[in-house]
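Participant: work-v3.txt is reproduced in full below (compact mmCIF, C-alpha atoms and all ligand atoms).
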```txt
# COMPACT_ATOMS: atom_id res chain seq x y z
CA MET A 1 97.08 90.67 92.87
CA HIS A 2 94.30 92.96 91.65
CA GLU A 3 94.50 96.61 92.48
CA ILE A 4 91.45 98.69 93.26
CA ILE A 5 91.07 102.31 94.34
CA ILE A 6 88.93 103.16 97.33
CA ASN A 7 88.13 106.40 99.12
CA LEU A 8 87.08 105.59 102.62
CA HIS A 9 86.28 108.58 104.79
CA MET A 10 83.44 110.93 103.90
CA HIS A 11 80.21 112.43 105.17
CA THR A 12 76.62 112.94 103.99
CA PRO A 13 73.76 115.06 105.42
CA TYR A 14 73.24 112.24 107.97
CA SER A 15 76.05 114.09 109.76
CA ASP A 16 77.80 117.19 108.41
CA GLY A 17 78.29 116.45 104.71
CA TYR A 18 76.38 118.16 101.91
CA GLU A 19 75.60 115.51 99.30
CA ASN A 20 73.51 112.37 99.65
CA HIS A 21 74.65 108.80 99.10
CA ASP A 22 73.55 108.61 95.46
CA ALA A 23 75.21 111.89 94.46
CA ILE A 24 78.44 110.80 96.16
CA ALA A 25 78.31 107.42 94.40
CA GLN A 26 77.89 109.19 91.06
CA ALA A 27 80.89 111.39 91.84
CA ALA A 28 82.86 108.24 92.68
CA ILE A 29 81.94 106.70 89.31
CA ARG A 30 82.99 109.87 87.48
CA SER A 31 86.30 109.73 89.36
CA LYS A 32 86.78 106.07 88.37
CA LEU A 33 86.86 104.77 91.94
CA ASP A 34 86.07 101.11 92.53
CA ALA A 35 84.62 101.55 96.02
CA ILE A 36 83.82 104.11 98.68
CA ILE A 37 83.12 103.82 102.39
CA ILE A 38 80.79 106.49 103.77
CA THR A 39 81.50 107.25 107.41
CA ASP A 40 79.00 109.63 108.98
CA HIS A 41 79.64 110.93 112.48
CA ASN A 42 78.11 108.80 115.21
CA VAL A 43 75.45 107.22 113.06
CA LEU A 44 75.53 103.90 111.25
CA VAL A 45 73.27 104.54 108.27
CA THR A 46 71.83 101.14 107.50
CA GLY A 47 70.46 99.87 104.20
CA LYS A 48 72.74 102.00 102.04
CA ASP A 49 75.43 99.42 101.21
CA CYS A 50 75.04 98.58 97.56
CA LEU A 51 76.61 98.07 94.22
CA PHE A 52 75.53 101.43 92.80
CA HIS A 53 74.90 101.51 89.06
CA ASP A 54 74.87 104.47 86.73
CA GLY A 55 74.27 103.16 83.22
CA GLU A 56 77.01 100.68 82.41
CA LYS A 57 79.24 101.80 85.24
CA SER A 58 79.13 100.89 88.90
CA VAL A 59 80.81 101.54 92.22
CA LEU A 60 80.65 99.61 95.46
CA VAL A 61 79.18 101.72 98.27
CA LEU A 62 79.96 100.52 101.79
CA ILE A 63 78.85 102.05 105.06
CA GLY A 64 81.14 102.60 108.01
CA GLU A 65 81.01 105.12 110.79
CA GLU A 66 83.20 107.79 112.38
CA ILE A 67 82.68 107.68 116.14
CA HIS A 68 83.73 110.10 118.84
CA ASP A 69 82.61 111.19 122.30
CA GLN A 70 80.41 114.24 121.71
CA SER A 71 80.48 115.21 125.38
CA ARG A 72 84.26 115.59 125.30
CA GLN A 73 85.65 119.13 124.92
CA PRO A 74 87.34 119.62 122.56
CA GLN A 75 85.90 116.66 120.65
CA LYS A 76 89.13 114.73 120.16
CA SER A 77 89.87 111.13 119.22
CA HIS A 78 87.74 110.23 116.22
CA LEU A 79 87.64 106.57 115.31
CA LEU A 80 86.82 105.15 111.86
CA VAL A 81 84.91 101.89 112.14
CA PHE A 82 84.44 99.56 109.17
CA GLY A 83 82.72 96.23 108.77
CA VAL A 84 80.41 96.32 111.79
CA ASP A 85 76.64 96.17 111.28
CA ARG A 86 75.72 97.42 114.75
CA GLU A 87 75.51 100.95 116.08
CA LEU A 88 78.46 101.38 118.46
CA ALA A 89 78.35 105.15 118.94
CA THR A 90 76.83 104.58 122.39
CA LEU A 91 80.25 103.26 123.49
CA ALA A 92 82.03 106.48 122.51
CA THR A 93 82.60 107.60 126.10
CA ASP A 94 84.92 104.62 126.58
CA ILE A 95 87.17 104.47 123.54
CA LYS A 96 89.14 101.45 124.75
CA LEU A 97 85.93 99.48 125.14
CA LEU A 98 84.72 100.77 121.77
CA VAL A 99 87.87 99.55 120.00
CA GLU A 100 87.77 96.20 121.79
CA THR A 101 84.12 95.76 120.80
CA VAL A 102 84.86 96.59 117.16
CA ARG A 103 87.63 93.98 117.12
CA LYS A 104 85.45 91.39 118.88
CA LEU A 105 82.79 91.87 116.20
CA ASN A 106 85.43 91.30 113.52
CA GLY A 107 85.29 94.93 112.46
CA LEU A 108 88.15 97.31 111.76
CA ALA A 109 89.20 100.27 113.91
CA PHE A 110 91.33 103.04 112.43
CA ILE A 111 92.44 106.25 114.12
CA ALA A 112 90.92 109.12 112.07
CA HIS A 113 92.94 112.30 111.42
CA PRO A 114 95.51 111.56 114.15
CA TYR A 115 96.81 115.13 114.02
CA ASP A 116 94.19 117.76 113.39
CA PRO A 117 95.40 121.03 114.89
CA GLU A 118 93.34 123.97 116.08
CA SER A 119 92.64 126.74 113.58
CA LYS A 120 91.66 129.89 115.43
CA ALA A 121 91.09 131.77 112.16
CA VAL A 122 88.11 129.60 111.28
CA GLY A 123 87.08 128.72 114.84
CA GLU A 124 88.04 125.03 114.61
CA ASP A 125 89.26 123.11 117.64
CA ASP A 126 92.13 120.68 117.84
CA ILE A 127 90.50 117.29 117.29
CA SER A 128 93.64 115.16 117.14
CA TRP A 129 93.76 111.61 118.47
CA ASP A 130 94.47 111.65 122.19
CA ASP A 131 94.34 107.99 123.20
CA TRP A 132 97.67 106.58 122.04
CA ASP A 133 97.78 104.09 124.92
CA ILE A 134 95.17 101.95 123.12
CA THR A 135 97.14 99.31 121.25
CA SER A 136 94.43 97.16 119.66
CA MET A 137 93.93 99.38 116.62
CA ASN A 138 94.00 98.02 113.08
CA GLY A 139 95.53 101.17 111.79
CA ILE A 140 95.79 104.87 111.33
CA GLU A 141 94.60 107.40 108.78
CA LEU A 142 98.11 108.55 108.05
CA TRP A 143 97.10 111.18 105.51
CA ASN A 144 93.84 113.08 105.92
CA GLY A 145 93.17 115.73 103.29
CA MET A 146 91.06 117.97 105.50
CA SER A 147 93.51 118.03 108.43
CA GLU A 148 96.18 119.22 106.08
CA PHE A 149 93.89 121.95 104.72
CA LYS A 150 92.97 123.02 108.26
CA SER A 151 96.62 123.24 109.28
CA ARG A 152 97.17 125.88 106.57
CA LEU A 153 94.41 128.21 107.73
CA LYS A 154 96.36 130.92 109.50
CA THR A 155 93.70 133.46 108.47
CA LYS A 156 90.25 133.27 106.88
CA LEU A 157 91.78 134.48 103.63
CA HIS A 158 93.88 131.33 103.50
CA ALA A 159 90.67 129.31 103.44
CA PHE A 160 89.47 131.32 100.50
CA TYR A 161 92.80 131.09 98.69
CA TYR A 162 92.94 127.29 99.04
CA ALA A 163 89.29 127.01 98.03
CA TYR A 164 90.32 128.42 94.66
CA PHE A 165 93.67 126.62 94.45
CA PRO A 166 92.97 123.30 96.16
CA ALA A 167 95.76 121.49 94.30
CA ARG A 168 98.24 123.58 96.32
CA ILE A 169 97.18 122.02 99.64
CA ALA A 170 98.39 118.45 99.77
CA ARG A 171 102.09 117.91 100.49
CA GLY A 172 102.06 114.69 102.49
CA PRO A 173 101.27 113.21 105.89
CA PHE A 174 102.38 115.34 108.84
CA PRO A 175 105.99 114.44 109.84
CA LEU A 176 104.73 114.19 113.43
CA ILE A 177 102.34 111.40 112.45
CA LEU A 178 104.88 109.60 110.28
CA SER A 179 107.26 109.46 113.24
CA LYS A 180 104.46 108.39 115.60
CA TRP A 181 103.60 105.56 113.19
CA ASP A 182 107.27 104.58 112.89
CA GLY A 183 107.50 104.53 116.68
CA LEU A 184 104.62 102.06 116.93
CA LEU A 185 106.03 99.92 114.11
CA SER A 186 109.45 99.86 115.77
CA GLN A 187 107.81 98.54 118.94
CA GLY A 188 106.60 95.59 116.89
CA GLN A 189 102.99 96.71 116.46
CA ARG A 190 101.27 96.06 113.17
CA ILE A 191 99.56 99.30 112.18
CA THR A 192 98.02 99.64 108.73
CA ALA A 193 98.10 103.10 107.19
CA ILE A 194 95.23 104.43 105.09
CA GLY A 195 94.64 107.75 103.37
CA GLY A 196 91.28 109.46 103.66
CA SER A 197 89.70 112.47 102.08
CA ASP A 198 87.25 113.30 104.90
CA ALA A 199 85.08 114.73 102.12
CA HIS A 200 82.15 116.88 103.19
CA GLY A 201 81.49 118.97 100.06
CA LEU A 202 81.94 121.99 102.35
CA ARG A 203 80.63 125.45 101.55
CA ILE A 204 82.61 128.54 102.32
CA LEU A 205 81.22 132.04 102.80
CA TYR A 206 83.44 135.10 102.81
CA GLY A 207 81.66 138.43 102.41
CA PRO A 208 79.84 138.30 99.08
CA PHE A 209 81.69 135.16 97.98
CA ARG A 210 80.43 131.67 98.37
CA ARG A 211 81.87 128.49 96.97
CA VAL A 212 81.69 124.74 97.33
CA ILE A 213 85.17 123.96 98.43
CA PHE A 214 86.41 120.53 97.55
CA PRO A 215 83.46 118.84 95.85
CA TYR A 216 83.46 115.07 96.49
CA GLU A 217 84.66 114.44 92.98
CA TRP A 218 87.71 116.60 93.57
CA HIS A 219 88.56 114.64 96.73
CA PHE A 220 88.16 111.35 94.89
CA ARG A 221 90.88 112.35 92.44
CA GLY A 222 93.26 113.15 95.29
CA ILE A 223 94.29 111.13 98.33
CA ASN A 224 93.06 107.56 97.92
CA THR A 225 93.80 104.17 99.40
CA HIS A 226 94.78 101.50 96.87
CA LEU A 227 94.06 97.91 97.85
CA LEU A 228 95.60 94.73 96.53
CA LEU A 229 93.01 91.97 96.30
CA PRO A 230 93.55 88.27 95.59
CA ALA A 231 90.89 88.37 92.84
CA PRO A 232 89.05 91.06 90.86
CA LEU A 233 85.86 92.49 92.35
CA GLN A 234 83.04 90.08 91.59
CA GLY A 235 80.16 92.52 91.29
CA SER A 236 78.58 90.97 94.35
CA LEU A 237 78.04 93.17 97.41
CA ASN A 238 78.80 90.56 100.07
CA GLU A 239 81.84 88.95 98.45
CA ASP A 240 83.39 92.24 97.41
CA ARG A 241 82.79 93.82 100.81
CA GLN A 242 84.50 90.90 102.47
CA MET A 243 87.47 91.03 100.12
CA ILE A 244 87.91 94.78 100.71
CA TYR A 245 87.75 94.52 104.50
CA GLU A 246 90.15 91.59 104.45
CA ALA A 247 92.68 93.60 102.39
CA LEU A 248 92.38 96.49 104.86
CA LYS A 249 92.82 94.09 107.76
CA GLN A 250 95.95 92.58 106.19
CA GLY A 251 97.39 95.96 105.25
CA HIS A 252 97.51 94.98 101.58
CA ALA A 253 97.30 98.65 100.75
CA PHE A 254 99.12 101.85 99.96
CA ILE A 255 98.19 105.50 100.02
CA GLY A 256 98.31 107.21 96.64
CA TYR A 257 97.93 110.92 95.94
CA ASP A 258 96.46 110.50 92.50
CA LEU A 259 96.13 114.17 91.50
CA PRO A 260 99.71 114.80 90.27
CA ALA A 261 99.74 111.42 88.45
CA SER A 262 98.01 108.10 88.88
CA THR A 263 99.69 105.91 91.50
CA THR A 264 98.11 102.74 90.10
CA GLY A 265 100.72 100.07 89.49
CA PHE A 266 102.89 100.83 92.52
CA ARG A 267 104.14 97.63 94.13
CA PHE A 268 106.29 96.82 97.15
CA SER A 269 107.13 93.16 97.62
CA ALA A 270 109.58 90.94 99.45
CA LYS A 271 111.11 87.73 98.18
CA GLY A 272 112.54 85.27 100.66
CA ARG A 273 112.92 81.54 101.16
CA GLU A 274 109.16 81.13 101.61
CA GLY A 275 108.20 82.96 98.42
CA VAL A 276 106.90 86.43 97.65
CA ASN A 277 105.06 88.61 100.15
CA TRP A 278 103.29 91.93 99.87
CA MET A 279 102.79 95.10 101.84
CA GLY A 280 101.17 94.18 105.15
CA ASP A 281 102.72 90.69 105.19
CA GLU A 282 105.35 89.11 107.40
CA ILE A 283 108.36 87.34 105.93
CA ASN A 284 111.21 85.48 107.61
CA SER A 285 114.70 86.98 107.34
CA GLN A 286 116.48 83.60 107.15
CA GLY A 287 118.60 83.40 104.03
CA GLY A 288 118.04 87.10 103.26
CA VAL A 289 115.12 88.99 101.79
CA THR A 290 115.04 90.94 98.54
CA LEU A 291 112.76 93.95 98.71
CA GLN A 292 111.51 95.22 95.40
CA ILE A 293 109.74 98.51 94.69
CA ARG A 294 108.04 99.22 91.38
CA LEU A 295 106.98 102.80 90.69
CA PRO A 296 104.36 103.84 88.13
CA GLN A 297 106.80 106.57 87.03
CA ALA A 298 110.45 107.21 87.87
CA SER A 299 110.46 109.35 90.97
CA GLU A 300 112.18 110.10 94.29
CA CYS A 301 111.88 106.96 96.39
CA HIS A 302 112.85 106.27 100.01
CA LEU A 303 113.05 103.00 101.88
CA ILE A 304 112.40 103.35 105.62
CA HIS A 305 113.41 100.68 108.15
CA ASN A 306 112.01 101.07 111.69
CA GLY A 307 111.71 104.82 111.12
CA LYS A 308 115.16 105.25 109.60
CA ASP A 309 115.61 106.36 105.98
CA ILE A 310 118.08 103.68 104.82
CA GLN A 311 118.14 104.06 101.04
CA GLN A 312 117.07 106.60 98.45
CA TRP A 313 116.71 106.30 94.72
CA ASP A 314 116.09 109.11 92.28
CA LYS A 315 114.48 108.69 88.89
CA HIS A 316 114.25 104.92 89.12
CA GLU A 317 111.20 102.85 88.25
CA ILE A 318 112.51 99.67 89.86
CA CYS A 319 114.37 99.75 93.17
CA THR A 320 115.87 96.70 94.88
CA TYR A 321 117.34 96.22 98.35
CA ILE A 322 118.66 93.06 99.98
CA THR A 323 118.54 92.67 103.75
CA THR A 324 118.81 90.20 106.61
CA GLN A 325 117.74 92.71 109.26
CA PRO A 326 114.34 92.17 110.87
CA GLY A 327 111.91 95.06 111.33
CA ALA A 328 109.24 97.06 109.53
CA TYR A 329 110.17 98.28 106.04
CA ARG A 330 108.06 100.81 104.23
CA VAL A 331 108.34 103.09 101.19
CA GLU A 332 107.75 106.81 100.63
CA VAL A 333 107.71 108.33 97.16
CA TYR A 334 107.76 112.05 96.35
CA LYS A 335 106.97 113.99 93.23
CA HIS A 336 107.15 117.61 92.16
CA PHE A 337 103.77 119.09 91.35
CA GLN A 338 102.73 122.75 91.04
CA GLY A 339 106.11 124.00 92.19
CA GLN A 340 106.32 121.89 95.36
CA ARG A 341 107.78 118.56 96.39
CA ARG A 342 104.80 116.50 97.44
CA GLY A 343 104.16 113.11 98.95
CA TRP A 344 102.91 110.81 96.19
CA ILE A 345 102.92 107.24 97.56
CA PHE A 346 103.13 105.85 101.11
CA SER A 347 103.27 102.07 101.29
CA ASN A 348 102.27 99.84 104.15
CA PRO A 349 105.13 98.01 105.81
CA ILE A 350 106.53 94.60 105.06
CA TYR A 351 107.37 93.04 108.42
CA ILE A 352 110.60 91.03 108.34
CA THR A 353 110.82 88.63 111.28
CA LYS A 354 113.81 86.83 112.84
ZN ZN B 1 86.63 113.39 112.32
ZN ZN B 2 85.32 112.73 109.07
```
Spell out the structure here as structure tokens.

Facilitator:
Amino acid sequence: MHEIIINLHMHTPYSDGYENHDAIAQAAIRSKLDAIIITDHNVLVTGKDCLFHDGEKSVLVLIGEEIHDQSRQPQKSHLLVFGVDRELATLATDIKLLVETVRKLNGLAFIAHPYDPESKAVGEDDISWDDWDITSMNGIELWNGMSEFKSRLKTKLHAFYYAYFPARIARGPFPLILSKWDGLLSQGQRITAIGGSDAHGLRILYGPFRRVIFPYEWHFRGINTHLLLPAPLQGSLNEDRQMIYEALKQGHAFIGYDLPASTTGFRFSAKGREGVNWMGDEINSQGGVTLQIRLPQASECHLIHNGKDIQQWDKHEICTYITTQPGAYRVEVYKHFQGQRRGWIFSNPIYITK
């Protein structure tokens, strides 16, 4: 397996972001990302997919879209769409149809910022996901950096404080969303979790002060999605794009908050009678299954089975658990950083079947 780092939710001036595609790609190269997916609101910007080069270095730039119904008030239920080369924003008034169409076209549909509460202090509405009855999703953006920021804005001063101390924001996915995800997994649904920055390069104005809060580059060193690919990236737009979308589809991925320490090297695998399987895979429980977790650094690690925290390890780099119980198993890892316990790694599930 070959690990790559991707940041997959961001905006340009085609919607409400501040930097153009090239500047964002350069920021991605400086941040050592392998790939980015740019997802402007309700517009599929064509012709911008590329292997972007800056001297010797390169980054794969893919184009997706974030779609929502702009006539809805408040403008809830944003959907991230990847791997579709047609404009589907016209279907936004019927989200079920939109998701079905994405799937029919072999694209990927992920719930964007599932919980994104109102912030009266900065005049922002609640734009959480509000269509949980739709079951044909590929996955969910479990951890969205901007939702978490927004949830802290009790007053305008908070916005200014966090603009200067952005490393103090991220603590982990909202518990509400973790339990919602666990609920869906316990029902037997396969829901892939991704982490997104929702980078805009936002500006903030407060009296005489103005500041770019969260430049793209800062986001790219924070909450990322790590993908496990069957082969290294080839340096070819079409092949690499296909490999990335396939990994997202299979859930061969984990969310890593790379600011406190790099999460590269994390692995969660299952060994059974049929061989070794990875996050996102199914494995049969017959004869027992050995789950193995490998952490990049010894840290606080939890194994979750159908929403229940069944085992914890502290200061281990390798954690092992043997089971015959079917269900969805996933891993959460926490780390202390800047005086707070923070979410560091959230794996996708391994699905153990009967
Ligand atoms: Zn959104
Ligand atoms: Zn967005």

Participant: Pick the closest to A:Arg221 from A:Leu259, A:Leu62, A:Val102, A:Ile111: which is it, counting all atoms listed in the file?

Facilitator: A:Leu259

Participant: Work out how far atom CA of A:Ser347 is from atom CA of A:Asn224, in Å to one decimal.

Facilitator: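 Taking atom CA of A:Asn224 as the start and atom CA of A:Ser347 as the end point, the length is 12.1 Å.
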
Participant: If I take atom CA of A:Trp129 and atom CA of A:Ile95, how far is one from the other in Å, to one decimal?

Facilitator: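 Calculated distance between atom CA of A:Trp129 and atom CA of A:Ile95 is 11.0 Å.
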
Participant: Using all atoms listed in the file, which protein or nucleic acid residues come within 8 Å of stretch 316-331 of chain A? Drop anything in the same chain fewer than 5 positions from it, and give the result as JSON, numbers by chain.

Facilitator: {"A": [185, 186, 188, 268, 285, 286, 287, 288, 289, 290, 291, 292, 293, 294, 295, 296, 297, 298, 299, 300, 301, 302, 303, 304, 305, 306, 345, 346, 347, 348, 349, 350, 351, 352, 353, 354]}

Participant: So that each row is one residue of chain A with an atom at most 9 Å from ligand ZN 2 (chain B), can you give its shortest atom pair and the distance in Å to one decimal, using only C-alpha atoms and all ligand atoms, rows by chain and rising number, as a tab-separated table?

Facilitator:
```
residue	atom	partner	partner_atom	distance
A:His9	CA	B:ZN2	ZN	6.0
A:Met10	CA	B:ZN2	ZN	5.8
A:His11	CA	B:ZN2	ZN	6.4
A:Asp16	CA	B:ZN2	ZN	8.8
A:Thr39	CA	B:ZN2	ZN	6.9
A:Asp40	CA	B:ZN2	ZN	7.0
A:His41	CA	B:ZN2	ZN	6.9
A:Glu65	CA	B:ZN2	ZN	8.9
A:Glu66	CA	B:ZN2	ZN	6.3
A:His78	CA	B:ZN2	ZN	8.0
A:Leu80	CA	B:ZN2	ZN	8.2
A:Ala112	CA	B:ZN2	ZN	7.3
A:His113	CA	B:ZN2	ZN	8.0
A:Met146	CA	B:ZN2	ZN	8.6
A:Gly196	CA	B:ZN2	ZN	8.7
A:Ser197	CA	B:ZN2	ZN	8.3
A:Asp198	CA	B:ZN2	ZN	4.6
A:Ala199	CA	B:ZN2	ZN	7.2
A:His200	CA	B:ZN2	ZN	7.9
```

Participant: Point out the residue among A:Leu228, A:Leu157, A:Ile244, A:Leu8 with the least atom-to-atom distance to A:Tyr216, counting only C-alpha atoms.

Facilitator: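 Once distances to A:Tyr216 are computed over only C-alpha atoms, the minimum belongs to A:Leu8.
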
Participant: For atom CA of A:Glu148 and atom CA of A:Asp258, quote the distance in Å rounded to one decimal.

Facilitator: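 Value for the atom CA of A:Glu148-atom CA of A:Asp258 distance: 16.1 Å.
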
Participant: Please, which residues are within 7 Å of (84.4, 99.9, 112.8) by the file's coordinates, counting only C-alpha atoms, and could they come as JSON, numbers by chain?

Facilitator: {"A": [64, 65, 80, 81, 82, 83, 84, 102, 107, 108, 109]}
